[in-house]
$ cat structure15.tsv   # TSV, C-alpha atoms
chain	number	residue	atom	x	y	z
A	110	MET	CA	0.00	0.00	0.00
A	111	LEU	CA	1.24	3.47	-0.86
A	112	LEU	CA	0.55	6.49	1.33
A	113	LYS	CA	0.11	10.07	0.13
A	114	VAL	CA	-0.36	12.93	2.56
A	115	CYS	CA	-1.74	16.03	0.92
A	116	GLY	CA	-1.96	19.67	1.85
A	117	ILE	CA	1.60	20.04	3.11
A	118	THR	CA	2.50	23.71	3.57
A	119	ARG	CA	5.50	23.67	5.91
A	120	ARG	CA	8.89	21.99	5.84
A	121	GLU	CA	8.45	20.61	9.36
A	122	ASP	CA	5.18	18.94	8.35
A	123	LEU	CA	6.88	17.46	5.29
A	124	GLU	CA	9.60	16.01	7.49
A	125	ALA	CA	7.00	14.55	9.87
A	126	VAL	CA	5.23	12.94	6.92
A	127	ALA	CA	8.54	11.42	5.80
A	128	ARG	CA	9.11	10.01	9.29
A	129	ILE	CA	5.79	8.14	9.22
A	130	GLY	CA	6.81	6.55	5.93
A	131	ALA	CA	4.69	8.38	3.36
A	132	ASP	CA	5.52	7.64	-0.26
A	133	TYR	CA	4.03	10.85	-1.67
A	134	ALA	CA	3.55	14.38	-0.38
A	135	GLY	CA	0.98	16.66	-1.99
A	136	PHE	CA	1.26	20.40	-2.46
A	137	ILE	CA	-1.89	22.30	-3.36
A	138	LEU	CA	-1.72	25.06	-5.94
A	139	ALA	CA	-5.51	25.28	-6.41
A	140	GLU	CA	-7.01	28.73	-5.89
A	141	GLY	CA	-9.31	28.95	-2.89
A	142	SER	CA	-7.77	26.12	-0.91
A	143	PRO	CA	-6.84	27.01	2.67
A	144	ARG	CA	-3.74	24.83	2.19
A	145	ARG	CA	-2.64	26.49	-1.04
A	146	VAL	CA	1.07	27.21	-1.43
A	147	THR	CA	2.79	29.59	-3.80
A	148	GLU	CA	4.81	28.30	-6.72
A	149	GLU	CA	8.00	29.30	-4.90
A	150	ARG	CA	6.94	27.44	-1.76
A	151	ALA	CA	5.97	24.39	-3.82
A	152	GLN	CA	9.42	24.41	-5.45
A	153	ALA	CA	11.20	24.47	-2.08
A	154	LEU	CA	8.95	21.73	-0.68
A	155	LEU	CA	9.39	19.57	-3.78
A	156	GLU	CA	13.17	19.82	-3.47
A	157	ARG	CA	13.01	18.80	0.19
A	158	CYS	CA	10.51	16.05	-0.65
A	159	ARG	CA	13.00	14.47	-3.08
A	160	ALA	CA	15.82	14.76	-0.54
A	161	LEU	CA	13.63	12.86	1.94
A	162	GLY	CA	13.00	10.06	-0.59
A	163	MET	CA	9.35	10.84	-1.31
A	164	LYS	CA	7.61	11.68	-4.55
A	165	GLY	CA	5.99	15.08	-4.95
A	166	VAL	CA	2.42	15.66	-6.12
A	167	LEU	CA	1.16	19.02	-7.40
A	168	VAL	CA	-2.58	19.37	-6.86
A	169	VAL	CA	-4.26	21.74	-9.31
A	170	ARG	CA	-7.79	22.63	-10.31
A	171	ASP	CA	-8.97	23.90	-13.70
A	172	LEU	CA	-5.78	25.69	-14.75
A	173	PRO	CA	-5.46	26.73	-18.38
A	174	LEU	CA	-3.44	24.00	-20.11
A	175	GLU	CA	-0.54	26.31	-21.02
A	176	SER	CA	-0.29	27.51	-17.40
A	177	LEU	CA	-0.15	23.95	-16.11
A	178	GLN	CA	2.41	22.90	-18.71
A	179	GLY	CA	4.56	25.86	-17.63
A	180	LEU	CA	4.27	24.89	-13.96
A	181	LEU	CA	5.19	21.30	-14.73
A	182	GLY	CA	8.21	22.44	-16.72
A	183	ARG	CA	9.44	24.69	-13.92
A	184	LEU	CA	8.63	22.53	-10.88
A	185	LYS	CA	9.03	19.03	-12.34
A	186	PRO	CA	6.80	17.14	-9.90
A	187	ASP	CA	6.55	13.37	-10.05
A	188	VAL	CA	2.76	13.54	-10.24
A	189	VAL	CA	0.13	16.11	-11.15
A	190	GLN	CA	-3.25	15.59	-9.51
A	191	LEU	CA	-6.16	17.10	-11.41
A	192	HIS	CA	-8.87	18.10	-8.99
A	193	GLY	CA	-11.30	20.04	-11.15
A	194	SER	CA	-13.38	19.56	-14.28
A	195	GLU	CA	-10.43	18.76	-16.53
A	196	SER	CA	-11.39	16.74	-19.60
A	197	PRO	CA	-9.80	13.57	-20.94
A	198	GLU	CA	-8.45	15.63	-23.86
A	199	TYR	CA	-6.80	18.06	-21.42
A	200	ALA	CA	-5.11	15.20	-19.56
A	201	SER	CA	-3.84	13.67	-22.80
A	202	PHE	CA	-1.70	16.80	-23.41
A	203	LEU	CA	0.23	16.35	-20.15
A	204	MET	CA	3.59	14.75	-20.92
A	205	GLY	CA	6.52	13.72	-18.76
A	206	VAL	CA	4.52	13.46	-15.54
A	207	GLU	CA	2.25	10.87	-13.99
A	208	VAL	CA	-1.38	12.07	-14.05
A	209	TRP	CA	-3.84	11.38	-11.25
A	210	LYS	CA	-7.46	12.54	-11.46
A	211	ALA	CA	-9.83	13.01	-8.52
A	212	PHE	CA	-13.41	11.88	-9.06
A	213	ARG	CA	-16.28	12.52	-6.75
A	214	LEU	CA	-17.87	9.11	-7.07
A	215	LEU	CA	-21.60	9.60	-6.73
A	216	ASP	CA	-23.21	7.13	-9.11
A	217	ASP	CA	-22.64	4.81	-12.08
A	218	ARG	CA	-22.05	7.78	-14.43
A	219	THR	CA	-19.16	9.18	-12.39
A	220	LEU	CA	-17.83	5.65	-11.95
A	221	GLU	CA	-17.70	5.19	-15.73
A	222	GLU	CA	-15.99	8.58	-16.17
A	223	ALA	CA	-13.29	7.47	-13.74
A	224	VAL	CA	-12.82	4.12	-15.48
A	225	HIS	CA	-12.31	5.71	-18.91
A	226	PHE	CA	-10.30	8.80	-17.96
A	227	PRO	CA	-6.68	8.73	-19.30
A	228	ALA	CA	-4.96	8.96	-15.93
A	229	GLN	CA	-2.55	6.59	-14.26
A	230	VAL	CA	-4.60	6.74	-11.05
A	231	ALA	CA	-8.26	7.55	-10.46
A	232	LEU	CA	-8.72	8.99	-6.97
A	233	ALA	CA	-12.05	8.10	-5.42
A	234	ASP	CA	-12.82	11.34	-3.61
A	235	SER	CA	-15.54	12.66	-1.35
A	236	GLY	CA	-15.15	16.08	-2.94
A	237	GLY	CA	-13.20	19.16	-2.06
A	238	GLY	CA	-10.17	17.67	-0.34
A	239	THR	CA	-11.94	17.50	3.02
A	240	GLY	CA	-10.17	14.40	4.31
A	241	ARG	CA	-13.54	12.66	4.60
A	242	PRO	CA	-13.74	9.18	3.07
A	243	CYS	CA	-15.24	8.68	-0.34
A	244	SER	CA	-18.07	6.29	-1.21
A	245	TRP	CA	-16.43	2.99	-0.31
A	246	PRO	CA	-18.85	0.80	-2.32
A	247	LEU	CA	-18.15	2.80	-5.49
A	248	ALA	CA	-14.40	2.91	-4.78
A	249	ARG	CA	-14.42	-0.85	-4.33
A	250	GLU	CA	-16.25	-1.28	-7.63
A	251	LEU	CA	-13.80	1.05	-9.38
A	252	SER	CA	-10.78	-0.79	-7.98
A	253	GLY	CA	-12.23	-4.06	-9.28
A	254	ARG	CA	-12.28	-2.86	-12.89
A	255	PRO	CA	-9.38	-4.30	-14.89
A	256	SER	CA	-8.70	-1.02	-16.71
A	257	ALA	CA	-8.69	1.17	-13.59
A	258	ARG	CA	-6.01	1.91	-11.04
A	259	CYS	CA	-7.89	3.35	-8.10
A	260	ALA	CA	-6.90	4.94	-4.82
A	261	PRO	CA	-9.43	5.94	-2.17
A	262	THR	CA	-8.97	9.31	-0.50
A	263	GLY	CA	-9.87	10.57	2.93
A	264	TRP	CA	-9.37	8.44	6.02
A	265	THR	CA	-8.21	11.41	8.04
A	266	SER	CA	-9.75	13.35	10.85
A	267	PRO	CA	-8.54	15.62	13.65
A	268	ALA	CA	-8.08	12.41	15.66
A	269	GLY	CA	-5.72	10.98	13.03
A	270	TRP	CA	-5.66	8.37	10.31
A	271	SER	CA	-8.19	5.57	10.22
A	272	PRO	CA	-8.73	2.99	7.47
A	273	PRO	CA	-12.23	2.17	6.25
A	274	ARG	CA	-14.25	-0.23	8.32
A	275	GLU	CA	-15.20	-3.45	6.56
A	276	SER	CA	-18.87	-2.53	7.04
A	277	SER	CA	-18.33	0.66	4.99
A	278	LEU	CA	-16.82	-1.30	2.11
$ encode --input "structure15.tsv" --output "structure tokens"
Amino acid sequence: MLLKVCGITRREDLEAVARIGADYAGFILAEGSPRRVTEERAQALLERCRALGMKGVLVVRDLPLESLQGLLGRLKPDVVQLHGSESPEYASFLMGVEVWKAFRLLDDRTLEEAVHFPAQVALADSGGGTGRPCSWPLARELSGRPSARCAPTGWTSPAGWSPPRESSL
């Protein structure tokens, strides 16, 4: 199992995440997020992330394609996580970086969108990066599809990390 901790804004938090064994650290560049970092801050955190042996994830939402391509060229993250209404065509123009796409799994339609989206990982999300768990039954169905690589999101609370209960799956 791989672990990604998202919303890192400070070096000391990044180092704590490394100590618990996270594989990925996420840095949010999406407008309106309370955990948004500047491009300069993201660059410094990405450099430290690599030094700590983790992979860096840039989380973006609905950026113009040219703006995102520029960011990717300057920051060179390992992964870009699309968290908005980006289309499959948009994602197909992203080269030299692993693409993850967040889907708010609500029903069979959103499940099918996730299955067919050209991303290396479909993130089963509750919506809005709240840390709340997604719909476990739909995430389970998505992960069972041969063409999909799925990762559930959430599992966090002020009390800490907790995996899904079997009854919620």
$ residues_around --input "structure15.tsv" --residues "Val169 (chain A)" --least-positions-apart "4" --cutoff "6 Å" --atoms "only C-alpha atoms" --output "list in words"
Leu138, Ala139, Leu191 and His192 of chain A
$ residues_around --input "structure15.tsv" --residues "Ile117 (chain A)" --least-positions-apart "3" --cutoff "10 Å" --atoms "all atoms listed in the file" --output "PyMOL selection string"
chain A and resi 114+120-124+126+134-137+144-146+151+154
$ residues_around --input "structure15.tsv" --residues "Leu177 (chain A)" --least-positions-apart "4" --cutoff "12 Å" --atoms "only C-alpha atoms" --output "short mmCIF file (atom, residue, chain, number, x, y, z; two decimals) with C-alpha atoms, in the coordinates of the input"
data_model
loop_
_atom_site.label_atom_id
_atom_site.label_comp_id
_atom_site.auth_asym_id
_atom_site.auth_seq_id
_atom_site.Cartn_x
_atom_site.Cartn_y
_atom_site.Cartn_z
CA LEU A 138 -1.72 25.06 -5.94
CA ALA A 139 -5.51 25.28 -6.41
CA GLU A 148 4.81 28.30 -6.72
CA LEU A 167 1.16 19.02 -7.40
CA VAL A 168 -2.58 19.37 -6.86
CA VAL A 169 -4.26 21.74 -9.31
CA ARG A 170 -7.79 22.63 -10.31
CA ASP A 171 -8.97 23.90 -13.70
CA LEU A 172 -5.78 25.69 -14.75
CA PRO A 173 -5.46 26.73 -18.38
CA LEU A 181 5.19 21.30 -14.73
CA GLY A 182 8.21 22.44 -16.72
CA ARG A 183 9.44 24.69 -13.92
CA LEU A 184 8.63 22.53 -10.88
CA LYS A 185 9.03 19.03 -12.34
CA PRO A 186 6.80 17.14 -9.90
CA VAL A 189 0.13 16.11 -11.15
CA GLN A 190 -3.25 15.59 -9.51
CA LEU A 191 -6.16 17.10 -11.41
CA GLU A 195 -10.43 18.76 -16.53
CA TYR A 199 -6.80 18.06 -21.42
CA ALA A 200 -5.11 15.20 -19.56
CA PHE A 202 -1.70 16.80 -23.41
CA LEU A 203 0.23 16.35 -20.15
CA MET A 204 3.59 14.75 -20.92
CA VAL A 206 4.52 13.46 -15.54
#
$ closest_residue --input "structure15.tsv" --among "A:Leu111, A:Pro227, A:Glu140, A:Asp132" --to "Gly193 (chain A)" --atoms "only C-alpha atoms"
A:Glu140
$ closest_residue --input "structure15.tsv" --among "A:Lys113, A:His225, A:Arg157, A:Arg150" --to "Gly130 (chain A)" --atoms "all atoms listed in the file"
A:Lys113
$ atom_distance --input "structure15.tsv" --atom1 "CA of Trp209 (chain A)" --atom2 "CA of Ala228 (chain A)"
5.4 Å
$ atom_distance --input "structure15.tsv" --atom1 "CA of Leu247 (chain A)" --atom2 "CA of Leu220 (chain A)"
7.1 Å
$ atom_distance --input "structure15.tsv" --atom1 "CA of Leu174 (chain A)" --atom2 "CA of Val208 (chain A)"
13.5 Å
$ closest_residue --input "structure15.tsv" --among "A:Val188, A:Met163, A:Ala248, A:Leu155" --to "Gln229 (chain A)" --atoms "only C-alpha atoms"
A:Val188
$ closest_residue --input "structure15.tsv" --among "A:Pro246, A:Asp234, A:Leu214, A:Glu149" --to "Leu180 (chain A)" --atoms "only C-alpha atoms"
A:Glu149
$ residues_around --input "structure15.tsv" --residues "Glu222 (chain A)" --least-positions-apart "2" --cutoff "12 Å" --atoms "only C-alpha atoms" --output "list of chain:residue names"
A:Ser194, A:Glu195, A:Ser196, A:Pro197, A:Lys210, A:Ala211, A:Phe212, A:Arg213, A:Leu214, A:Leu215, A:Asp216, A:Asp217, A:Arg218, A:Thr219, A:Leu220, A:Val224, A:His225, A:Phe226, A:Pro227, A:Ala228, A:Ala231, A:Leu232, A:Ala233, A:Leu251, A:Ala257
$ build_atoms --input "structure15.tsv" --residues "region 184-195 of chain A" --atoms "all heavy atoms" --output "compact mmCIF listing (two decimals), in the coordinates of the input"
# COMPACT_ATOMS: atom_id res chain seq x y z
N LEU A 184 8.57 23.21 -12.17
CA LEU A 184 8.63 22.53 -10.88
C LEU A 184 9.01 21.05 -10.97
O LEU A 184 9.51 20.49 -10.01
CB LEU A 184 7.29 22.67 -10.14
CG LEU A 184 6.86 24.10 -9.84
CD1 LEU A 184 5.53 24.10 -9.09
CD2 LEU A 184 7.91 24.85 -9.06
N LYS A 185 8.70 20.42 -12.11
CA LYS A 185 9.03 19.03 -12.34
C LYS A 185 8.58 18.07 -11.22
O LYS A 185 9.38 17.32 -10.67
CB LYS A 185 10.52 18.87 -12.62
CG LYS A 185 10.96 19.68 -13.83
CD LYS A 185 12.36 19.42 -14.23
CE LYS A 185 12.85 20.21 -15.40
NZ LYS A 185 12.03 21.09 -16.12
N PRO A 186 7.29 18.09 -10.90
CA PRO A 186 6.80 17.14 -9.90
C PRO A 186 6.79 15.72 -10.47
O PRO A 186 6.88 15.53 -11.69
CB PRO A 186 5.37 17.62 -9.64
CG PRO A 186 4.95 18.17 -10.96
CD PRO A 186 6.20 18.85 -11.50
N ASP A 187 6.68 14.76 -9.60
CA ASP A 187 6.55 13.37 -10.05
C ASP A 187 5.15 13.10 -10.56
O ASP A 187 4.95 12.29 -11.47
CB ASP A 187 6.86 12.42 -8.88
CG ASP A 187 8.28 12.62 -8.37
OD1 ASP A 187 9.23 12.24 -9.09
OD2 ASP A 187 8.43 13.18 -7.27
N VAL A 188 4.18 13.77 -9.95
CA VAL A 188 2.76 13.54 -10.24
C VAL A 188 2.05 14.88 -10.29
O VAL A 188 2.35 15.77 -9.50
CB VAL A 188 2.11 12.66 -9.13
CG1 VAL A 188 0.61 12.48 -9.38
CG2 VAL A 188 2.80 11.33 -8.99
N VAL A 189 1.08 15.00 -11.20
CA VAL A 189 0.13 16.11 -11.15
C VAL A 189 -1.23 15.50 -10.88
O VAL A 189 -1.63 14.51 -11.50
CB VAL A 189 0.13 16.97 -12.44
CG1 VAL A 189 -0.31 16.18 -13.67
CG2 VAL A 189 -0.77 18.19 -12.26
N GLN A 190 -1.91 16.06 -9.89
CA GLN A 190 -3.25 15.59 -9.51
C GLN A 190 -4.26 16.62 -9.96
O GLN A 190 -4.27 17.75 -9.47
CB GLN A 190 -3.31 15.39 -8.00
CG GLN A 190 -4.67 14.92 -7.51
CD GLN A 190 -4.65 14.67 -6.02
OE1 GLN A 190 -3.68 14.13 -5.48
NE2 GLN A 190 -5.72 15.05 -5.34
N LEU A 191 -5.10 16.23 -10.89
CA LEU A 191 -6.16 17.10 -11.41
C LEU A 191 -7.37 16.99 -10.50
O LEU A 191 -7.89 15.89 -10.29
CB LEU A 191 -6.51 16.69 -12.84
CG LEU A 191 -5.35 16.62 -13.83
CD1 LEU A 191 -5.83 16.11 -15.19
CD2 LEU A 191 -4.66 17.97 -13.95
N HIS A 192 -7.81 18.12 -9.99
CA HIS A 192 -8.87 18.10 -8.99
C HIS A 192 -10.07 18.95 -9.39
O HIS A 192 -10.86 19.36 -8.55
CB HIS A 192 -8.32 18.59 -7.65
CG HIS A 192 -8.73 17.72 -6.50
ND1 HIS A 192 -9.99 17.72 -5.97
CD2 HIS A 192 -8.04 16.81 -5.80
CE1 HIS A 192 -10.06 16.87 -4.98
NE2 HIS A 192 -8.88 16.30 -4.86
N GLY A 193 -10.19 19.22 -10.70
CA GLY A 193 -11.30 20.04 -11.15
C GLY A 193 -12.11 19.34 -12.22
O GLY A 193 -12.30 18.13 -12.18
N SER A 194 -12.55 20.11 -13.20
CA SER A 194 -13.38 19.56 -14.28
C SER A 194 -12.56 19.33 -15.55
O SER A 194 -13.09 19.42 -16.66
CB SER A 194 -14.55 20.51 -14.54
OG SER A 194 -14.06 21.79 -14.90
N GLU A 195 -11.30 19.00 -15.39
CA GLU A 195 -10.43 18.76 -16.53
C GLU A 195 -10.96 17.60 -17.38
O GLU A 195 -11.40 16.59 -16.84
CB GLU A 195 -8.99 18.46 -16.07
CG GLU A 195 -8.34 19.57 -15.31
CD GLU A 195 -8.62 19.55 -13.80
OE1 GLU A 195 -9.32 18.63 -13.32
OE2 GLU A 195 -8.13 20.45 -13.11
